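Colleague: So here's coords_9.cif, just mmCIF, C-alpha atoms:
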```
data_upload
#
loop_
_atom_site.group_PDB
_atom_site.id
_atom_site.type_symbol
_atom_site.label_atom_id
_atom_site.label_comp_id
_atom_site.auth_asym_id
_atom_site.auth_seq_id
_atom_site.Cartn_x
_atom_site.Cartn_y
_atom_site.Cartn_z
ATOM 1 C CA MET B 233 9.367 -5.011 -10.272
ATOM 2 C CA GLU B 234 10.861 -7.844 -12.276
ATOM 3 C CA ILE B 235 9.529 -8.783 -15.683
ATOM 4 C CA ASP B 236 6.500 -10.893 -15.014
ATOM 5 C CA LYS B 237 6.162 -13.651 -17.589
ATOM 6 C CA GLU B 238 3.032 -14.926 -15.933
ATOM 7 C CA ASP B 239 1.259 -11.601 -16.506
ATOM 8 C CA ASN B 240 2.298 -11.588 -20.154
ATOM 9 C CA SER B 241 1.033 -15.098 -20.608
ATOM 10 C CA LEU B 242 -2.317 -14.256 -18.967
ATOM 11 C CA ILE B 243 -2.656 -11.156 -21.139
ATOM 12 C CA ASN B 244 -1.976 -13.299 -24.224
ATOM 13 C CA ARG B 245 -4.630 -15.795 -23.170
ATOM 14 C CA PHE B 246 -7.170 -12.998 -22.747
ATOM 15 C CA LEU B 247 -6.289 -11.428 -26.089
ATOM 16 C CA GLU B 248 -6.703 -14.818 -27.746
ATOM 17 C CA GLY B 249 -10.265 -14.885 -26.443
ATOM 18 C CA ASP B 250 -9.807 -16.859 -23.234
ATOM 19 C CA GLN B 251 -11.719 -14.997 -20.513
ATOM 20 C CA GLU B 252 -9.928 -17.062 -17.867
ATOM 21 C CA GLY B 253 -6.732 -15.145 -18.640
ATOM 22 C CA PHE B 254 -8.399 -11.953 -17.394
ATOM 23 C CA ASN B 255 -9.996 -13.742 -14.438
ATOM 24 C CA MET B 256 -6.597 -15.014 -13.324
ATOM 25 C CA LEU B 257 -5.119 -11.530 -13.534
ATOM 26 C CA VAL B 258 -7.964 -10.273 -11.331
ATOM 27 C CA ARG B 259 -7.444 -13.070 -8.794
ATOM 28 C CA LYS B 260 -3.708 -12.414 -8.747
ATOM 29 C CA TYR B 261 -3.967 -8.676 -8.110
ATOM 30 C CA GLN B 262 -7.323 -8.145 -6.408
ATOM 31 C CA ASN B 263 -6.032 -8.117 -2.830
ATOM 32 C CA ARG B 264 -3.152 -5.783 -3.618
ATOM 33 C CA VAL B 265 -5.523 -3.473 -5.494
ATOM 34 C CA PHE B 266 -8.001 -3.579 -2.611
ATOM 35 C CA ASN B 267 -5.349 -2.853 -0.019
ATOM 36 C CA THR B 268 -3.832 0.046 -1.956
ATOM 37 C CA ILE B 269 -7.219 1.689 -2.504
ATOM 38 C CA TYR B 270 -8.103 1.140 1.153
ATOM 39 C CA SER B 271 -4.852 2.754 2.272
ATOM 40 C CA LEU B 272 -5.352 5.701 -0.067
ATOM 41 C CA ILE B 273 -8.956 6.466 0.890
ATOM 42 C CA GLY B 274 -8.663 5.478 4.546
ATOM 43 C CA SER B 275 -11.997 3.679 4.650
ATOM 44 C CA ASN B 276 -13.502 0.352 3.627
ATOM 45 C CA SER B 277 -16.476 2.113 2.139
ATOM 46 C CA GLY B 278 -16.242 2.409 -1.608
ATOM 47 C CA VAL B 279 -13.171 0.198 -1.990
ATOM 48 C CA ASP B 280 -15.104 -2.520 -3.828
ATOM 49 C CA ASP B 281 -16.613 -0.069 -6.325
ATOM 50 C CA ILE B 282 -13.264 1.599 -7.045
ATOM 51 C CA ALA B 283 -11.584 -1.805 -7.466
ATOM 52 C CA GLN B 284 -14.291 -2.778 -9.955
ATOM 53 C CA ASP B 285 -13.779 0.500 -11.848
ATOM 54 C CA VAL B 286 -10.054 -0.285 -12.012
ATOM 55 C CA PHE B 287 -10.495 -3.777 -13.432
ATOM 56 C CA ILE B 288 -13.160 -2.607 -15.880
ATOM 57 C CA LYS B 289 -10.671 -0.077 -17.255
ATOM 58 C CA VAL B 290 -8.136 -2.880 -17.533
ATOM 59 C CA TYR B 291 -10.653 -5.158 -19.276
ATOM 60 C CA ARG B 292 -11.576 -2.510 -21.821
ATOM 61 C CA ASN B 293 -8.046 -1.408 -22.585
ATOM 62 C CA LEU B 294 -5.875 -4.466 -22.164
ATOM 63 C CA SER B 295 -5.687 -5.026 -25.917
ATOM 64 C CA PHE B 296 -4.036 -1.602 -26.236
ATOM 65 C CA PHE B 297 -1.478 -2.142 -23.462
ATOM 66 C CA ASN B 298 1.923 -1.769 -25.120
ATOM 67 C CA ARG B 299 3.901 -3.948 -22.642
ATOM 68 C CA LYS B 300 6.832 -1.558 -22.618
ATOM 69 C CA ALA B 301 6.111 -1.284 -18.910
ATOM 70 C CA GLU B 302 5.118 -4.021 -16.499
ATOM 71 C CA PHE B 303 1.404 -4.775 -16.377
ATOM 72 C CA SER B 304 1.479 -4.156 -12.623
ATOM 73 C CA THR B 305 2.951 -0.673 -13.182
ATOM 74 C CA TRP B 306 0.074 0.203 -15.503
ATOM 75 C CA LEU B 307 -2.426 -1.391 -13.107
ATOM 76 C CA TYR B 308 -1.146 0.599 -10.112
ATOM 77 C CA ARG B 309 -1.214 3.781 -12.170
ATOM 78 C CA ILE B 310 -4.883 3.133 -12.888
ATOM 79 C CA VAL B 311 -5.455 2.366 -9.195
ATOM 80 C CA VAL B 312 -3.891 5.663 -8.091
ATOM 81 C CA ASN B 313 -5.702 7.759 -10.723
ATOM 82 C CA THR B 314 -9.076 6.096 -10.215
ATOM 83 C CA THR B 315 -8.812 6.508 -6.444
ATOM 84 C CA TYR B 316 -7.790 10.138 -6.836
ATOM 85 C CA ASN B 317 -10.787 10.810 -9.091
ATOM 86 C CA HIS B 318 -13.037 9.098 -6.572
ATOM 87 C CA LEU B 319 -11.727 11.318 -3.765
ATOM 88 C CA LYS B 320 -12.134 14.434 -5.895
ATOM 89 C CA LYS B 321 -15.743 13.519 -6.628
ATOM 90 C CA GLU B 322 -16.366 12.622 -3.027
ATOM 91 C CA LYS B 323 -15.385 16.088 -1.803
ATOM 92 C CA LYS B 324 -18.445 17.466 -3.587
ATOM 93 C CA TYR B 325 -20.669 15.127 -1.627
ATOM 94 C CA THR B 326 -19.380 15.345 1.903
ATOM 95 C CA SER B 327 -22.517 13.683 3.264
ATOM 96 C CA LEU B 328 -21.474 10.335 1.793
ATOM 97 C CA ASP B 329 -21.672 7.563 4.326
ATOM 98 C CA TYR B 330 -18.273 6.701 5.742
ATOM 99 C CA ALA B 331 -19.448 3.924 7.998
ATOM 100 C CA LEU B 332 -17.331 0.821 7.722
ATOM 101 C CA ASP B 333 -18.843 -1.729 5.406
ATOM 102 C CA LYS B 334 -17.238 -5.061 5.956
ATOM 103 C CA ASP B 335 -19.695 -7.127 3.948
ATOM 104 C CA ASN B 336 -17.283 -7.960 1.191
ATOM 105 C CA THR B 337 -13.955 -7.427 2.839
ATOM 106 C CA ASN B 338 -11.810 -9.035 5.467
ATOM 107 C CA SER B 339 -9.314 -7.029 7.427
ATOM 108 C CA ARG B 340 -6.711 -8.546 9.689
ATOM 109 C CA GLU B 341 -7.898 -6.127 12.320
ATOM 110 C CA SER B 342 -11.225 -7.916 12.430
ATOM 111 C CA LYS B 343 -9.317 -11.115 13.049
ATOM 112 C CA GLY B 344 -7.842 -9.514 16.152
ATOM 113 C CA LEU B 345 -4.258 -9.437 14.895
ATOM 114 C CA VAL B 346 -3.777 -5.685 15.013
ATOM 115 C CA ASN B 347 -4.645 -3.249 17.731
ATOM 116 C CA GLN B 348 -7.702 -1.180 16.824
ATOM 117 C CA GLU B 349 -6.457 1.993 18.456
ATOM 118 C CA THR B 350 -3.169 1.804 16.576
ATOM 119 C CA GLN B 351 -5.062 1.358 13.325
ATOM 120 C CA GLU B 352 -7.115 4.462 14.020
ATOM 121 C CA LEU B 353 -3.901 6.421 14.621
ATOM 122 C CA VAL B 354 -2.284 5.100 11.441
ATOM 123 C CA ARG B 355 -5.391 5.926 9.390
ATOM 124 C CA ASN B 356 -5.608 9.431 10.829
ATOM 125 C CA ALA B 357 -1.920 10.073 10.180
ATOM 126 C CA ILE B 358 -2.124 8.945 6.541
ATOM 127 C CA ASP B 359 -5.377 10.882 6.008
ATOM 128 C CA LYS B 360 -3.613 14.097 6.997
ATOM 129 C CA LEU B 361 -1.180 13.779 4.097
ATOM 130 C CA PRO B 362 -1.959 15.493 0.791
ATOM 131 C CA PHE B 363 -2.758 12.880 -1.854
ATOM 132 C CA LYS B 364 0.584 13.081 -3.686
ATOM 133 C CA TYR B 365 2.493 12.448 -0.462
ATOM 134 C CA ARG B 366 0.009 9.833 0.704
ATOM 135 C CA THR B 367 0.523 7.920 -2.547
ATOM 136 C CA VAL B 368 4.287 7.585 -2.157
ATOM 137 C CA VAL B 369 3.983 6.589 1.498
ATOM 138 C CA VAL B 370 1.391 3.922 0.691
ATOM 139 C CA LEU B 371 3.387 2.537 -2.231
ATOM 140 C CA LYS B 372 6.653 2.599 -0.288
ATOM 141 C CA ASP B 373 5.797 1.759 3.305
ATOM 142 C CA ILE B 374 2.681 -0.349 2.843
ATOM 143 C CA GLU B 375 3.102 -1.955 -0.578
ATOM 144 C CA GLY B 376 6.906 -2.160 -0.398
ATOM 145 C CA PHE B 377 7.716 -0.595 -3.779
ATOM 146 C CA SER B 378 11.213 0.639 -4.576
ATOM 147 C CA TYR B 379 11.745 4.322 -5.469
ATOM 148 C CA GLY B 380 12.208 3.251 -9.095
ATOM 149 C CA ASP B 381 8.919 1.343 -9.167
ATOM 150 C CA ILE B 382 7.063 4.281 -7.616
ATOM 151 C CA ALA B 383 8.582 6.622 -10.207
ATOM 152 C CA LYS B 384 7.437 4.345 -13.047
ATOM 153 C CA THR B 385 3.981 3.961 -11.559
ATOM 154 C CA LEU B 386 3.463 7.683 -11.072
ATOM 155 C CA GLY B 387 5.280 8.698 -14.241
ATOM 156 C CA CYS B 388 7.730 10.970 -12.445
ATOM 157 C CA SER B 389 11.455 10.983 -11.674
ATOM 158 C CA ILE B 390 13.126 9.145 -8.794
ATOM 159 C CA GLY B 391 14.183 12.569 -7.497
ATOM 160 C CA THR B 392 10.521 13.592 -7.281
ATOM 161 C CA VAL B 393 9.699 10.382 -5.424
ATOM 162 C CA GLU B 394 12.558 11.013 -3.021
ATOM 163 C CA SER B 395 11.454 14.571 -2.424
ATOM 164 C CA ARG B 396 7.833 13.518 -1.810
ATOM 165 C CA ILE B 397 8.920 10.796 0.615
ATOM 166 C CA PHE B 398 11.068 13.361 2.435
ATOM 167 C CA ARG B 399 8.144 15.768 2.790
ATOM 168 C CA ALA B 400 5.636 13.032 3.636
ATOM 169 C CA ARG B 401 7.815 11.569 6.370
ATOM 170 C CA ASN B 402 8.463 15.008 7.804
ATOM 171 C CA ILE B 403 4.716 15.583 8.085
ATOM 172 C CA LEU B 404 4.208 12.120 9.578
ATOM 173 C CA LYS B 405 7.062 12.720 11.998
ATOM 174 C CA GLU B 406 5.333 15.860 13.288
ATOM 175 C CA ILE B 407 2.059 13.991 13.710
ATOM 176 C CA LEU B 408 3.516 10.858 15.232
ATOM 177 C CA THR B 409 6.300 12.207 17.475
ATOM 178 C CA PRO B 410 3.897 13.045 20.336
ATOM 179 C CA LEU B 411 2.656 9.457 20.157
ATOM 180 C CA LYS B 412 6.105 7.908 20.330
ATOM 181 C CA LYS B 413 6.251 7.999 24.127
ATOM 182 C CA GLU B 414 2.716 6.718 24.518
ATOM 183 C CA LEU B 415 3.242 3.685 22.301
ATOM 184 C CA MET W 6 29.691 14.499 6.460
ATOM 185 C CA GLU W 7 27.611 17.457 7.642
ATOM 186 C CA CYS W 8 24.228 17.178 9.355
ATOM 187 C CA LYS W 9 22.430 18.815 6.407
ATOM 188 C CA ALA W 10 23.803 16.270 3.942
ATOM 189 C CA VAL W 11 23.019 13.371 6.266
ATOM 190 C CA THR W 12 19.437 14.554 6.824
ATOM 191 C CA ARG W 13 18.968 14.745 3.065
ATOM 192 C CA LEU W 14 20.127 11.144 2.641
ATOM 193 C CA LEU W 15 18.430 9.622 5.675
ATOM 194 C CA ASN W 16 15.275 8.438 3.905
ATOM 195 C CA ARG W 17 17.281 6.745 1.172
ATOM 196 C CA TYR W 18 19.413 5.122 3.853
ATOM 197 C CA ILE W 19 16.363 3.934 5.832
ATOM 198 C CA ASP W 20 14.732 2.602 2.661
ATOM 199 C CA LYS W 21 17.954 0.853 1.613
ATOM 200 C CA GLU W 22 17.991 2.874 -1.598
ATOM 201 C CA THR W 23 21.553 4.132 -1.180
ATOM 202 C CA ALA W 24 23.679 2.336 -3.746
ATOM 203 C CA ASP W 25 26.844 4.200 -2.761
ATOM 204 C CA LYS W 26 28.583 2.126 -0.064
ATOM 205 C CA GLU W 27 30.852 4.995 0.824
ATOM 206 C CA ALA W 28 27.860 7.224 1.519
ATOM 207 C CA VAL W 29 26.347 4.508 3.716
ATOM 208 C CA ALA W 30 29.564 4.273 5.712
ATOM 209 C CA LEU W 31 29.679 8.061 6.133
ATOM 210 C CA ILE W 32 26.049 8.205 7.278
ATOM 211 C CA GLU W 33 26.604 5.407 9.797
ATOM 212 C CA ALA W 34 29.747 7.053 11.124
ATOM 213 C CA HIS W 35 27.898 10.378 11.471
ATOM 214 C CA LEU W 36 24.952 8.792 13.284
ATOM 215 C CA LYS W 37 27.372 7.418 15.886
ATOM 216 C CA ILE W 38 28.661 10.851 16.810
ATOM 217 C CA CYS W 39 25.686 13.191 16.196
ATOM 218 C CA ALA W 40 22.837 12.941 18.707
ATOM 219 C CA LEU W 41 20.547 15.283 16.714
ATOM 220 C CA CYS W 42 20.841 13.301 13.494
ATOM 221 C CA LYS W 43 20.447 10.052 15.397
ATOM 222 C CA LYS W 44 17.237 11.370 16.942
ATOM 223 C CA GLU W 45 16.009 12.435 13.506
ATOM 224 C CA PHE W 46 16.888 8.974 12.194
ATOM 225 C CA GLU W 47 14.998 7.241 15.014
ATOM 226 C CA LEU W 48 11.902 9.387 14.465
ATOM 227 C CA LEU W 49 11.897 8.625 10.742
ATOM 228 C CA VAL W 50 12.277 4.903 11.404
ATOM 229 C CA PHE W 51 9.466 5.102 13.960
ATOM 230 C CA SER W 52 7.168 6.879 11.474
ATOM 231 C CA ARG W 53 7.979 4.378 8.761
ATOM 232 C CA GLU W 54 7.402 1.368 10.995
ATOM 233 C CA PHE W 55 4.231 2.876 12.400
ATOM 234 C CA ILE W 56 2.731 3.352 8.929
ATOM 235 C CA ALA W 57 3.776 -0.164 7.938
ATOM 236 C CA LYS W 58 1.602 -1.476 10.777
ATOM 237 C CA LYS W 59 -1.483 -0.520 8.825
ATOM 238 C CA GLU W 60 -3.912 -3.369 8.620
ATOM 239 C CA LYS W 61 -4.258 -5.180 5.305
ATOM 240 C CA LEU W 62 -7.583 -5.297 3.582
ATOM 241 C CA GLU W 63 -8.461 -8.286 1.472
ATOM 242 C CA THR W 64 -11.460 -9.024 -0.647
ATOM 243 C CA ASP W 65 -13.233 -12.338 -0.710
ATOM 244 C CA ASN W 66 -13.592 -14.777 -3.568
ATOM 245 C CA THR W 67 -16.893 -13.243 -4.687
ATOM 246 C CA PHE W 68 -15.182 -10.125 -6.042
ATOM 247 C CA LEU W 69 -14.667 -11.689 -9.447
ATOM 248 C CA ILE W 70 -18.337 -12.677 -9.580
ATOM 249 C CA ARG W 71 -19.406 -9.107 -8.790
ATOM 250 C CA LEU W 72 -16.951 -7.767 -11.363
ATOM 251 C CA THR W 73 -18.169 -10.174 -14.045
ATOM 252 C CA ASP W 74 -21.793 -9.279 -13.254
ATOM 253 C CA ARG W 75 -21.007 -5.610 -13.612
ATOM 254 C CA LEU W 76 -19.167 -6.138 -16.878
ATOM 255 C CA GLU W 77 -22.226 -7.963 -18.216
ATOM 256 C CA ARG W 78 -24.632 -5.399 -16.763
ATOM 257 C CA GLU W 79 -22.716 -2.575 -18.354
ATOM 258 C CA GLY W 80 -22.957 -4.490 -21.589
ATOM 259 C CA GLU W 81 -19.268 -5.029 -22.143
ATOM 260 C CA GLY W 82 -19.235 -5.916 -25.800
ATOM 261 C CA ILE W 83 -22.844 -4.753 -26.200
ATOM 262 C CA ASN W 84 -21.749 -1.134 -26.364
ATOM 263 C CA LEU W 85 -19.264 -2.050 -29.041
ATOM 264 C CA ARG W 86 -21.975 -3.992 -30.837
ATOM 265 C CA TRP W 87 -24.124 -0.853 -30.674
ATOM 266 C CA VAL W 88 -21.487 1.056 -32.576
ATOM 267 C CA ILE W 89 -21.322 -1.685 -35.157
ATOM 268 C CA ASP W 90 -25.128 -2.197 -35.288
ATOM 269 C CA ILE W 91 -25.714 1.478 -36.031
ATOM 270 C CA GLY W 92 -23.483 1.071 -39.050
ATOM 271 C CA GLU W 93 -25.465 -1.970 -40.225
ATOM 272 C CA LEU W 94 -28.837 -0.310 -39.637
ATOM 273 C CA SER W 95 -27.893 2.825 -41.456
ATOM 274 C CA LYS W 96 -26.987 0.757 -44.498
ATOM 275 C CA ARG W 97 -30.559 -0.512 -44.681
ATOM 276 C CA LEU W 98 -32.474 2.655 -43.820
ATOM 277 C CA ILE W 99 -30.582 5.451 -45.466
ATOM 278 C CA PRO W 100 -31.397 5.830 -49.144
ATOM 279 C CA VAL W 101 -28.495 5.319 -51.492
ATOM 280 C CA PRO W 102 -28.061 8.986 -52.469
ATOM 281 C CA LEU W 103 -28.038 10.070 -48.842
ATOM 282 C CA GLY W 104 -25.623 7.255 -48.050
ATOM 283 C CA ALA W 105 -23.376 8.426 -50.840
ATOM 284 C CA MET W 106 -23.438 11.959 -49.445
ATOM 285 C CA VAL W 107 -22.551 10.685 -45.980
ATOM 286 C CA LEU W 108 -19.764 8.574 -47.420
ATOM 287 C CA THR W 109 -18.405 11.577 -49.264
ATOM 288 C CA ALA W 110 -18.488 13.577 -46.057
ATOM 289 C CA ILE W 111 -16.679 10.761 -44.250
ATOM 290 C CA LEU W 112 -14.023 10.594 -46.920
ATOM 291 C CA LEU W 113 -13.621 14.360 -46.870
ATOM 292 C CA PHE W 114 -13.435 14.862 -43.156
ATOM 293 C CA GLY W 115 -12.235 11.427 -42.115
ATOM 294 C CA ASN W 116 -13.528 11.841 -38.589
ATOM 295 C CA LEU W 117 -16.194 9.161 -38.586
ATOM 296 C CA ASP W 118 -13.961 6.201 -39.183
ATOM 297 C CA LYS W 119 -15.529 3.295 -37.286
ATOM 298 C CA SER W 120 -12.247 2.093 -35.851
ATOM 299 C CA ASN W 121 -11.666 5.569 -34.433
ATOM 300 C CA LEU W 122 -15.092 5.469 -32.844
ATOM 301 C CA ILE W 123 -14.304 2.168 -31.189
ATOM 302 C CA ASP W 124 -10.883 3.327 -30.033
ATOM 303 C CA GLU W 125 -12.296 6.522 -28.575
ATOM 304 C CA TYR W 126 -14.999 4.564 -26.792
ATOM 305 C CA LEU W 127 -12.426 2.274 -25.253
ATOM 306 C CA LEU W 128 -9.954 4.965 -24.337
ATOM 307 C CA GLU W 129 -12.295 7.599 -22.980
ATOM 308 C CA SER W 130 -12.223 6.110 -19.500
ATOM 309 C CA LEU W 131 -8.424 6.325 -19.184
ATOM 310 C CA SER W 132 -6.464 9.347 -18.094
ATOM 311 C CA ASP W 133 -3.558 10.685 -20.157
ATOM 312 C CA SER W 134 -0.971 9.086 -17.884
ATOM 313 C CA GLU W 135 -2.686 5.696 -18.104
ATOM 314 C CA MET W 136 -2.774 5.991 -21.892
ATOM 315 C CA GLU W 137 0.984 6.581 -22.043
ATOM 316 C CA MET W 138 1.390 2.834 -21.629
ATOM 317 C CA LEU W 139 -0.936 1.953 -24.504
ATOM 318 C CA LYS W 140 -0.024 1.193 -28.100
#
```
For the structure just supplied, provide its representation as structure tokens.
Modeller:
Amino acid sequence: MEIDKEDNSLINRFLEGDQEGFNMLVRKYQNRVFNTIYSLIGSNSGVDDIAQDVFIKVYRNLSFFNRKAEFSTWLYRIVVNTTYNHLKKEKKYTSLDYALDKDNTNSRESKGLVNQETQELVRNAIDKLPFKYRTVVVLKDIEGFSYGDIAKTLGCSIGTVESRIFRARNILKEILTPLKKEL
Amino acid sequence: MECKAVTRLLNRYIDKETADKEAVALIEAHLKICALCKKEFELLVFSREFIAKKEKLETDNTFLIRLTDRLEREGEGINLRWVIDIGELSKRLIPVPLGAMVLTAILLFGNLDKSNLIDEYLLESLSDSEMEMLK
């Protein structure tokens, strides 16, 4: 992640009392936040609420953000932690409705660009990963982060990221190898 | 380069995270002669590309409206005002001697500083790792 002057400028606007600064940050990151949460929880249901929780945390704490790290690094850290907490809570209430709710979201699948069966397989494969492995796979293979960016986001070393990617891909390899011939 | 060393470096190689050009050359040379490592490499690339096919989810332009509504509904600013209002109200209702006693207690224990109250209110929703990046 390169130093983002635009983010700094928007943060300054917000801190000077201009609400539009915050609104522009939301518009800039909302789709990336949505997609990351969606990939981590494997369902459309609840994505909107978690994304709102994320931006509310940002709104309430932006004045304390020290800017030693990129805003996006801090944002993604909040995304990962908030999603993890959501999943932890959700385990207690297994009867929660998992039906797809597409009222407020648009997926490319619904536009017919991606095969539905493939999507089901991808979702199932990612869902089988423990959260810490799922996180690195989502940030690396879906969001396109570098190892260094993932390390900063998760607050761990690059070696840890590398090791988690190694384990995650080994698990995925086991799951996906039987499918290789079919696809 | 041995198979074990190549396997260890394969993910870095696939992700283009190998800065060492010599290591890249050794991996590529090994993959040309070792069928097992090449198979491992192909499976990892397949897994990676398969996951990258995941559909993208996007929100619509009403997200900001919903977020703003929720911020207002949750009284963003109102909660802070509540903290401040309590301070103002107490000034009017609490008799001077009692106020003096409370003030003494505050000075002695220093744990009811209003700015601390506000900070704690703001920070309570963040985890420790999220707070690492705060002032």
Colleague: Find the residue from B:Ser389, B:Gln251, B:Asn293, B:Ser304 that sits nearest to chain W; use all atoms listed in the file when measuring.
Modeller: B:Asn293
Colleague: Given the choices W:Cys42, W:Gly80, W:Asp20, W:Lys37, which gets closest to chain B if the distance is worked out from all atoms listed in the file?
Modeller: W:Asp20
Colleague: With distances taken over all atoms listed in the file, which of B:Ser295, B:Thr305, B:His318, B:Ile397 is nearest to B:Ser277?
Modeller: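 When distances to B:Ser277 are compared using all atoms listed in the file, the smallest one comes from B:His318.
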Colleague: Using only C-alpha atoms, find each residue in chain B having at least one atom no more than 8 Å away from chain W; report its shortest atom-to-atom pair and that distance in Å (one decimal), rows by chain then rising number, as JSON lines.
Modeller:
```
{"residue": "B:Asn255", "atom": "CA", "partner": "W:Leu69", "partner_atom": "CA", "distance": 7.1}
{"residue": "B:Val258", "atom": "CA", "partner": "W:Leu69", "partner_atom": "CA", "distance": 7.1}
{"residue": "B:Arg259", "atom": "CA", "partner": "W:Leu69", "partner_atom": "CA", "distance": 7.4}
{"residue": "B:Gln262", "atom": "CA", "partner": "W:Thr64", "partner_atom": "CA", "distance": 7.1}
{"residue": "B:Asn263", "atom": "CA", "partner": "W:Glu63", "partner_atom": "CA", "distance": 4.9}
{"residue": "B:Arg264", "atom": "CA", "partner": "W:Glu63", "partner_atom": "CA", "distance": 7.8}
{"residue": "B:Phe266", "atom": "CA", "partner": "W:Glu63", "partner_atom": "CA", "distance": 6.2}
{"residue": "B:Asn267", "atom": "CA", "partner": "W:Leu62", "partner_atom": "CA", "distance": 4.9}
{"residue": "B:Tyr270", "atom": "CA", "partner": "W:Leu62", "partner_atom": "CA", "distance": 6.9}
{"residue": "B:Asp280", "atom": "CA", "partner": "W:Phe68", "partner_atom": "CA", "distance": 7.9}
{"residue": "B:Gln284", "atom": "CA", "partner": "W:Leu72", "partner_atom": "CA", "distance": 5.8}
{"residue": "B:Phe287", "atom": "CA", "partner": "W:Leu72", "partner_atom": "CA", "distance": 7.9}
{"residue": "B:Ile288", "atom": "CA", "partner": "W:Leu76", "partner_atom": "CA", "distance": 7.0}
{"residue": "B:Lys289", "atom": "CA", "partner": "W:Ser130", "partner_atom": "CA", "distance": 6.8}
{"residue": "B:Arg292", "atom": "CA", "partner": "W:Leu127", "partner_atom": "CA", "distance": 5.9}
{"residue": "B:Asn293", "atom": "CA", "partner": "W:Leu127", "partner_atom": "CA", "distance": 6.3}
{"residue": "B:Phe296", "atom": "CA", "partner": "W:Leu139", "partner_atom": "CA", "distance": 5.0}
{"residue": "B:Phe297", "atom": "CA", "partner": "W:Leu139", "partner_atom": "CA", "distance": 4.3}
{"residue": "B:Asn298", "atom": "CA", "partner": "W:Lys140", "partner_atom": "CA", "distance": 4.6}
{"residue": "B:Arg299", "atom": "CA", "partner": "W:Met138", "partner_atom": "CA", "distance": 7.3}
{"residue": "B:Lys300", "atom": "CA", "partner": "W:Met138", "partner_atom": "CA", "distance": 7.1}
{"residue": "B:Ala301", "atom": "CA", "partner": "W:Met138", "partner_atom": "CA", "distance": 6.8}
{"residue": "B:Trp306", "atom": "CA", "partner": "W:Glu135", "partner_atom": "CA", "distance": 6.7}
{"residue": "B:Arg309", "atom": "CA", "partner": "W:Glu135", "partner_atom": "CA", "distance": 6.4}
{"residue": "B:Ile310", "atom": "CA", "partner": "W:Glu135", "partner_atom": "CA", "distance": 6.2}
{"residue": "B:Asn313", "atom": "CA", "partner": "W:Ser132", "partner_atom": "CA", "distance": 7.6}
{"residue": "B:Asn336", "atom": "CA", "partner": "W:Thr64", "partner_atom": "CA", "distance": 6.2}
{"residue": "B:Thr337", "atom": "CA", "partner": "W:Thr64", "partner_atom": "CA", "distance": 4.6}
{"residue": "B:Asn338", "atom": "CA", "partner": "W:Glu63", "partner_atom": "CA", "distance": 5.3}
{"residue": "B:Ser339", "atom": "CA", "partner": "W:Leu62", "partner_atom": "CA", "distance": 4.6}
{"residue": "B:Arg340", "atom": "CA", "partner": "W:Glu60", "partner_atom": "CA", "distance": 6.0}
{"residue": "B:Glu341", "atom": "CA", "partner": "W:Glu60", "partner_atom": "CA", "distance": 6.1}
{"residue": "B:Val346", "atom": "CA", "partner": "W:Glu60", "partner_atom": "CA", "distance": 6.8}
{"residue": "B:Gln351", "atom": "CA", "partner": "W:Lys59", "partner_atom": "CA", "distance": 6.0}
{"residue": "B:Val354", "atom": "CA", "partner": "W:Ile56", "partner_atom": "CA", "distance": 5.9}
{"residue": "B:Arg355", "atom": "CA", "partner": "W:Lys59", "partner_atom": "CA", "distance": 7.6}
{"residue": "B:Ile358", "atom": "CA", "partner": "W:Ile56", "partner_atom": "CA", "distance": 7.8}
{"residue": "B:Asp373", "atom": "CA", "partner": "W:Ala57", "partner_atom": "CA", "distance": 5.4}
{"residue": "B:Ile374", "atom": "CA", "partner": "W:Ala57", "partner_atom": "CA", "distance": 5.2}
{"residue": "B:Ser378", "atom": "CA", "partner": "W:Glu22", "partner_atom": "CA", "distance": 7.7}
{"residue": "B:Tyr379", "atom": "CA", "partner": "W:Glu22", "partner_atom": "CA", "distance": 7.5}
{"residue": "B:Gly387", "atom": "CA", "partner": "W:Ser134", "partner_atom": "CA", "distance": 7.2}
{"residue": "B:Glu394", "atom": "CA", "partner": "W:Arg17", "partner_atom": "CA", "distance": 7.6}
{"residue": "B:Ile397", "atom": "CA", "partner": "W:Asn16", "partner_atom": "CA", "distance": 7.5}
{"residue": "B:Phe398", "atom": "CA", "partner": "W:Asn16", "partner_atom": "CA", "distance": 6.6}
{"residue": "B:Arg401", "atom": "CA", "partner": "W:Leu49", "partner_atom": "CA", "distance": 6.7}
{"residue": "B:Asn402", "atom": "CA", "partner": "W:Leu49", "partner_atom": "CA", "distance": 7.8}
{"residue": "B:Leu404", "atom": "CA", "partner": "W:Ser52", "partner_atom": "CA", "distance": 6.3}
{"residue": "B:Lys405", "atom": "CA", "partner": "W:Ser52", "partner_atom": "CA", "distance": 5.9}
{"residue": "B:Leu408", "atom": "CA", "partner": "W:Ser52", "partner_atom": "CA", "distance": 6.6}
{"residue": "B:Thr409", "atom": "CA", "partner": "W:Leu48", "partner_atom": "CA", "distance": 7.0}
{"residue": "B:Lys412", "atom": "CA", "partner": "W:Phe51", "partner_atom": "CA", "distance": 7.7}
```
Colleague: Is it possible to get the axis-aligned box enclosing stretch 67-83 of chain W (all listed atoms, 4 Å extra per side) as AutoDock Vina command-line options, with centre and edge lengths in Å rounded to one decimal?
Modeller:
```
--center_x -19.6 --center_y -7.9 --center_z -15.4 --size_x 18.0 --size_y 18.7 --size_z 29.5
```
Colleague: Work out how far atom CA of B:Val265 is from atom CA of B:Leu294, in Å to one decimal.
Modeller: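 Separation between atom CA of B:Leu294 and atom CA of B:Val265: 16.7 Å.
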Colleague: Enter the distance from atom CA of W:Cys8 to atom CA of W:Ala28, in Å, rounded to one decimal.
Modeller: 13.2 Å
Colleague: Can you work out which one of B:Phe246, B:Tyr316, B:Phe377, B:Tyr261 has the shortest atom-to-atom distance to B:Ile273, counting only C-alpha atoms?
Modeller: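 Closest to B:Ile273 of all the choices is B:Tyr316.
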